[in-house]
Amino acid sequence: MNCSEYLVDFLIRRGATDVFGYAGGYIVPFMDALYKRQNEIKTHVCYHEQGCALAAGGYARTSGRLGVYFTTSGPGAVNGLGGLADAWFDSFPIMGICGNVPTNEMKGFSGIRQNGFQEMDIVSMARNITKYSVTANSAEGFPDIVGRAYNMALLGRKGGVLIDFPLNIQQADLIGR
């Protein structure tokens, strides 16, 4: 099982029935994992990433459950910030899942603007409007990140969480899970 398949399975086991998203090259492995489980979780494709995040918010508000949306990297990830801000202000639970460049292409602390195509430090941008915002840097730590994000969104005063999901981590195998 790879990290994308793990995340989809995690969401299904916790009662997620719907996700909202917009396709892009850096989120394809996660989309493939959703497709494999299409009889258990429905993907609603929106015309714009902001619409995905806002739809996940509407789903959370009307169902009382976690709303989930996904986007690709760069400007796609930035377009979801409005939905996270909405969740922050109105205290409803949503999880944003943003694709990103592989971890070996990330700029790190190099001082350059970007290294990978459409690389975006979305975690820094989302930090002040989410309860938890994190980049998944390894397959080994991924299950803990997903569990923490889920719990943070739903416990106490509800709100949005964001998982920055680099391409190579989406495809990485989880050993023993």
# chains A, B, ... in the order shown; residues from 1 in each chain; ligands from 1

call {"tool": "residues_around", "arguments": {"residues": "Leu81 of chain A", "least_positions_apart": "2", "cutoff": "9 Å", "atoms": "only C-alpha atoms", "output": "PDB file with N, CA, C and O atoms, in the first residue's frame"}}
result
ATOM      1  N   GLN A  50     -10.545  26.841  -5.709  1.00  0.00           N
ATOM      2  CA  GLN A  50     -11.260  27.546  -4.650  1.00  0.00           C
ATOM      3  C   GLN A  50     -12.646  26.935  -4.461  1.00  0.00           C
ATOM      4  O   GLN A  50     -13.107  26.764  -3.338  1.00  0.00           O
ATOM      5  N   ALA A  53     -12.411  23.756  -2.292  1.00  0.00           N
ATOM      6  CA  ALA A  53     -12.290  24.027  -0.858  1.00  0.00           C
ATOM      7  C   ALA A  53     -13.606  24.536  -0.280  1.00  0.00           C
ATOM      8  O   ALA A  53     -14.011  24.133   0.819  1.00  0.00           O
ATOM      9  N   ALA A  77      -2.697  25.039  -5.186  1.00  0.00           N
ATOM     10  CA  ALA A  77      -2.729  24.943  -3.727  1.00  0.00           C
ATOM     11  C   ALA A  77      -3.144  26.275  -3.106  1.00  0.00           C
ATOM     12  O   ALA A  77      -3.947  26.320  -2.165  1.00  0.00           O
ATOM     13  N   VAL A  78      -2.624  27.366  -3.646  1.00  0.00           N
ATOM     14  CA  VAL A  78      -2.950  28.700  -3.119  1.00  0.00           C
ATOM     15  C   VAL A  78      -4.446  28.985  -3.269  1.00  0.00           C
ATOM     16  O   VAL A  78      -5.059  29.595  -2.384  1.00  0.00           O
ATOM     17  N   ASN A  79      -5.033  28.527  -4.351  1.00  0.00           N
ATOM     18  CA  ASN A  79      -6.457  28.781  -4.584  1.00  0.00           C
ATOM     19  C   ASN A  79      -7.358  28.147  -3.525  1.00  0.00           C
ATOM     20  O   ASN A  79      -8.497  28.556  -3.358  1.00  0.00           O
ATOM     21  N   GLY A  83     -10.950  28.601   1.290  1.00  0.00           N
ATOM     22  CA  GLY A  83     -11.762  27.615   1.999  1.00  0.00           C
ATOM     23  C   GLY A  83     -11.211  27.304   3.372  1.00  0.00           C
ATOM     24  O   GLY A  83     -11.960  27.103   4.333  1.00  0.00           O
ATOM     25  N   LEU A  84      -9.882  27.272   3.496  1.00  0.00           N
ATOM     26  CA  LEU A  84      -9.265  27.052   4.807  1.00  0.00           C
ATOM     27  C   LEU A  84      -9.526  28.243   5.732  1.00  0.00           C
ATOM     28  O   LEU A  84      -9.780  28.065   6.921  1.00  0.00           O
ATOM     29  N   ALA A  85      -9.462  29.444   5.184  1.00  0.00           N
ATOM     30  CA  ALA A  85      -9.756  30.634   5.992  1.00  0.00           C
ATOM     31  C   ALA A  85     -11.211  30.615   6.465  1.00  0.00           C
ATOM     32  O   ALA A  85     -11.505  30.946   7.620  1.00  0.00           O
ATOM     33  N   ASP A  86     -12.116  30.220   5.587  1.00  0.00           N
ATOM     34  CA  ASP A  86     -13.527  30.113   5.947  1.00  0.00           C
ATOM     35  C   ASP A  86     -13.716  29.139   7.105  1.00  0.00           C
ATOM     36  O   ASP A  86     -14.441  29.420   8.067  1.00  0.00           O
ATOM     37  N   GLY A  96      -7.480  19.919   3.691  1.00  0.00           N
ATOM     38  CA  GLY A  96      -6.941  20.195   2.375  1.00  0.00           C
ATOM     39  C   GLY A  96      -5.759  19.277   2.113  1.00  0.00           C
ATOM     40  O   GLY A  96      -4.902  19.100   2.981  1.00  0.00           O
ATOM     41  N   ILE A 122       3.287  26.059   0.630  1.00  0.00           N
ATOM     42  CA  ILE A 122       1.890  26.266   1.012  1.00  0.00           C
ATOM     43  C   ILE A 122       1.703  26.160   2.519  1.00  0.00           C
ATOM     44  O   ILE A 122       0.817  26.801   3.086  1.00  0.00           O
ATOM     45  N   MET A 125       2.108  29.523   4.062  1.00  0.00           N
ATOM     46  CA  MET A 125       0.984  30.389   3.714  1.00  0.00           C
ATOM     47  C   MET A 125      -0.266  30.031   4.512  1.00  0.00           C
ATOM     48  O   MET A 125      -1.072  30.899   4.837  1.00  0.00           O
ATOM     49  N   ALA A 126      -0.444  28.764   4.822  1.00  0.00           N
ATOM     50  CA  ALA A 126      -1.660  28.296   5.497  1.00  0.00           C
ATOM     51  C   ALA A 126      -1.545  28.280   7.015  1.00  0.00           C
ATOM     52  O   ALA A 126      -2.560  28.160   7.709  1.00  0.00           O
ATOM     53  N   ILE A 129      -4.020  30.190   9.299  1.00  0.00           N
ATOM     54  CA  ILE A 129      -5.467  29.992   9.122  1.00  0.00           C
ATOM     55  C   ILE A 129      -5.852  28.520   9.215  1.00  0.00           C
ATOM     56  O   ILE A 129      -6.922  28.121   8.750  1.00  0.00           O
TER      57      ILE A 129
END

call {"tool": "select_by_dssp", "arguments": {"residues": "segment 41-164 of chain A", "states": "helix (DSSP H, G or I)", "output": "JSON, numbers by chain"}}
result
{"A": [49, 50, 51, 52, 53, 54, 55, 56, 57, 58, 59, 60, 61, 62, 63, 75, 76, 77, 78, 79, 81, 82, 83, 84, 85, 86, 87, 88, 89, 90, 103, 104, 105, 122, 123, 124, 125, 126, 127, 128, 129, 142, 143, 144, 145, 146, 147, 148, 149, 150, 151, 152, 153, 154]}

call {"tool": "closest_atom_pairs", "arguments": {"of": "segment 71-149 of chain A", "to": "segment 61-65 of chain A", "cutoff": "10 Å", "atoms": "only C-alpha atoms", "output": "tab-separated table"}}
result
residue	atom	partner	partner_atom	distance
A:Ala87	CA	A:Arg61	CA	9.5
A:Asp90	CA	A:Arg61	CA	9.5
A:Ser91	CA	A:Arg61	CA	9.4
A:Phe92	CA	A:Arg61	CA	6.5
A:Pro93	CA	A:Arg65	CA	7.2
A:Ile94	CA	A:Arg65	CA	8.5

call {"tool": "write_last_selection", "arguments": {"atoms": "N, CA, C and O atoms", "output": "CSV table (one decimal), in the first residue's frame"}}
result
chain,number,residue,atom,x,y,z
A,87,ALA,N,-13.0,28.0,7.0
A,87,ALA,CA,-13.1,27.0,8.1
A,87,ALA,C,-12.5,27.6,9.4
A,87,ALA,O,-13.0,27.3,10.5
A,90,ASP,N,-15.2,30.2,10.8
A,90,ASP,CA,-16.5,29.7,11.2
A,90,ASP,C,-16.4,28.3,11.9
A,90,ASP,O,-17.4,27.7,12.2
A,91,SER,N,-15.2,27.8,12.1
A,91,SER,CA,-15.0,26.6,13.0
A,91,SER,C,-15.7,25.4,12.5
A,91,SER,O,-16.5,24.7,13.2
A,92,PHE,N,-15.5,25.0,11.3
A,92,PHE,CA,-15.9,23.7,10.8
A,92,PHE,C,-14.8,22.9,10.2
A,92,PHE,O,-13.7,23.5,9.8
A,93,PRO,N,-14.8,21.6,10.2
A,93,PRO,CA,-13.7,20.8,9.9
A,93,PRO,C,-13.5,20.5,8.4
A,93,PRO,O,-14.4,19.9,7.8
A,94,ILE,N,-12.4,20.9,7.9
A,94,ILE,CA,-12.0,20.5,6.5
A,94,ILE,C,-10.5,20.1,6.5
A,94,ILE,O,-9.7,20.6,7.3

call {"tool": "closest_residue", "arguments": {"among": "A:Gly51, A:Gly67, A:Gly24, A:Gly80", "to": "Ala153 of chain A", "atoms": "only C-alpha atoms"}}
result
A:Gly67

call {"tool": "closest_residue", "arguments": {"among": "A:Leu11, A:Ile163, A:Cys98, A:Ala56", "to": "Ile27 of chain A", "atoms": "only C-alpha atoms"}}
result
A:Cys98

call {"tool": "closest_residue", "arguments": {"among": "A:Gln170, A:Thr71, A:Asn128, A:Thr135", "to": "Tyr22 of chain A", "atoms": "only C-alpha atoms"}}
result
A:Thr71

call {"tool": "select_by_dssp", "arguments": {"residues": "segment 56-108 of chain A", "states": "strand (DSSP E)", "output": "list in words"}}
result
Gly67, Val68, Tyr69, Phe70, Thr71, Ile94, Met95, Gly96, Ile97, Cys98, Gly99 and Asn100 of chain A

call {"tool": "write_last_selection", "arguments": {"atoms": "N, CA, C and O atoms", "output": "PDB file, in the first residue's frame"}}
result
ATOM      1  N   GLY A  67     -14.993  17.709   5.855  1.00  0.00           N
ATOM      2  CA  GLY A  67     -14.959  17.982   4.428  1.00  0.00           C
ATOM      3  C   GLY A  67     -13.537  17.811   3.931  1.00  0.00           C
ATOM      4  O   GLY A  67     -12.592  18.207   4.608  1.00  0.00           O
ATOM      5  N   VAL A  68     -13.362  17.224   2.761  1.00  0.00           N
ATOM      6  CA  VAL A  68     -12.031  16.954   2.224  1.00  0.00           C
ATOM      7  C   VAL A  68     -11.946  17.492   0.800  1.00  0.00           C
ATOM      8  O   VAL A  68     -12.843  17.263  -0.011  1.00  0.00           O
ATOM      9  N   TYR A  69     -10.852  18.215   0.532  1.00  0.00           N
ATOM     10  CA  TYR A  69     -10.609  18.659  -0.838  1.00  0.00           C
ATOM     11  C   TYR A  69      -9.156  18.409  -1.203  1.00  0.00           C
ATOM     12  O   TYR A  69      -8.302  18.255  -0.338  1.00  0.00           O
ATOM     13  N   PHE A  70      -8.888  18.345  -2.517  1.00  0.00           N
ATOM     14  CA  PHE A  70      -7.517  18.190  -2.989  1.00  0.00           C
ATOM     15  C   PHE A  70      -7.252  19.120  -4.154  1.00  0.00           C
ATOM     16  O   PHE A  70      -8.165  19.482  -4.900  1.00  0.00           O
ATOM     17  N   THR A  71      -5.982  19.536  -4.256  1.00  0.00           N
ATOM     18  CA  THR A  71      -5.526  20.375  -5.356  1.00  0.00           C
ATOM     19  C   THR A  71      -4.135  19.913  -5.771  1.00  0.00           C
ATOM     20  O   THR A  71      -3.495  19.137  -5.080  1.00  0.00           O
ATOM     21  N   ILE A  94     -12.372  20.905   7.871  1.00  0.00           N
ATOM     22  CA  ILE A  94     -12.011  20.482   6.511  1.00  0.00           C
ATOM     23  C   ILE A  94     -10.536  20.095   6.481  1.00  0.00           C
ATOM     24  O   ILE A  94      -9.733  20.570   7.279  1.00  0.00           O
ATOM     25  N   MET A  95     -10.233  19.208   5.542  1.00  0.00           N
ATOM     26  CA  MET A  95      -8.856  18.779   5.310  1.00  0.00           C
ATOM     27  C   MET A  95      -8.495  19.090   3.867  1.00  0.00           C
ATOM     28  O   MET A  95      -9.137  18.596   2.945  1.00  0.00           O
ATOM     29  N   GLY A  96      -7.480  19.919   3.691  1.00  0.00           N
ATOM     30  CA  GLY A  96      -6.941  20.195   2.375  1.00  0.00           C
ATOM     31  C   GLY A  96      -5.759  19.277   2.113  1.00  0.00           C
ATOM     32  O   GLY A  96      -4.902  19.100   2.981  1.00  0.00           O
ATOM     33  N   ILE A  97      -5.716  18.698   0.938  1.00  0.00           N
ATOM     34  CA  ILE A  97      -4.617  17.824   0.520  1.00  0.00           C
ATOM     35  C   ILE A  97      -4.044  18.438  -0.754  1.00  0.00           C
ATOM     36  O   ILE A  97      -4.742  18.502  -1.771  1.00  0.00           O
ATOM     37  N   CYS A  98      -2.820  18.918  -0.671  1.00  0.00           N
ATOM     38  CA  CYS A  98      -2.202  19.612  -1.798  1.00  0.00           C
ATOM     39  C   CYS A  98      -1.013  18.831  -2.315  1.00  0.00           C
ATOM     40  O   CYS A  98      -0.103  18.517  -1.559  1.00  0.00           O
ATOM     41  N   GLY A  99      -1.016  18.565  -3.588  1.00  0.00           N
ATOM     42  CA  GLY A  99       0.154  17.960  -4.195  1.00  0.00           C
ATOM     43  C   GLY A  99       1.306  18.949  -4.209  1.00  0.00           C
ATOM     44  O   GLY A  99       1.109  20.157  -4.077  1.00  0.00           O
ATOM     45  N   ASN A 100       2.504  18.441  -4.359  1.00  0.00           N
ATOM     46  CA  ASN A 100       3.681  19.300  -4.483  1.00  0.00           C
ATOM     47  C   ASN A 100       4.772  18.537  -5.220  1.00  0.00           C
ATOM     48  O   ASN A 100       4.638  17.344  -5.478  1.00  0.00           O
TER      49      ASN A 100
END

call {"tool": "atom_distance", "arguments": {"atom1": "atom CA of Leu7 of chain A", "atom2": "atom CA of Val146 of chain A"}}
result
7.1 Å

call {"tool": "closest_residue", "arguments": {"among": "A:Gly141, A:Gly156, A:Pro102, A:Gly15", "to": "Ile41 of chain A", "atoms": "only C-alpha atoms"}}
result
A:Gly15

call {"tool": "atom_distance", "arguments": {"atom1": "atom CA of Leu34 of chain A", "atom2": "atom CA of Val161 of chain A"}}
result
19.6 Å

call {"tool": "atom_distance", "arguments": {"atom1": "atom CA of Asp173 of chain A", "atom2": "atom CA of Glu5 of chain A"}}
result
9.3 Å
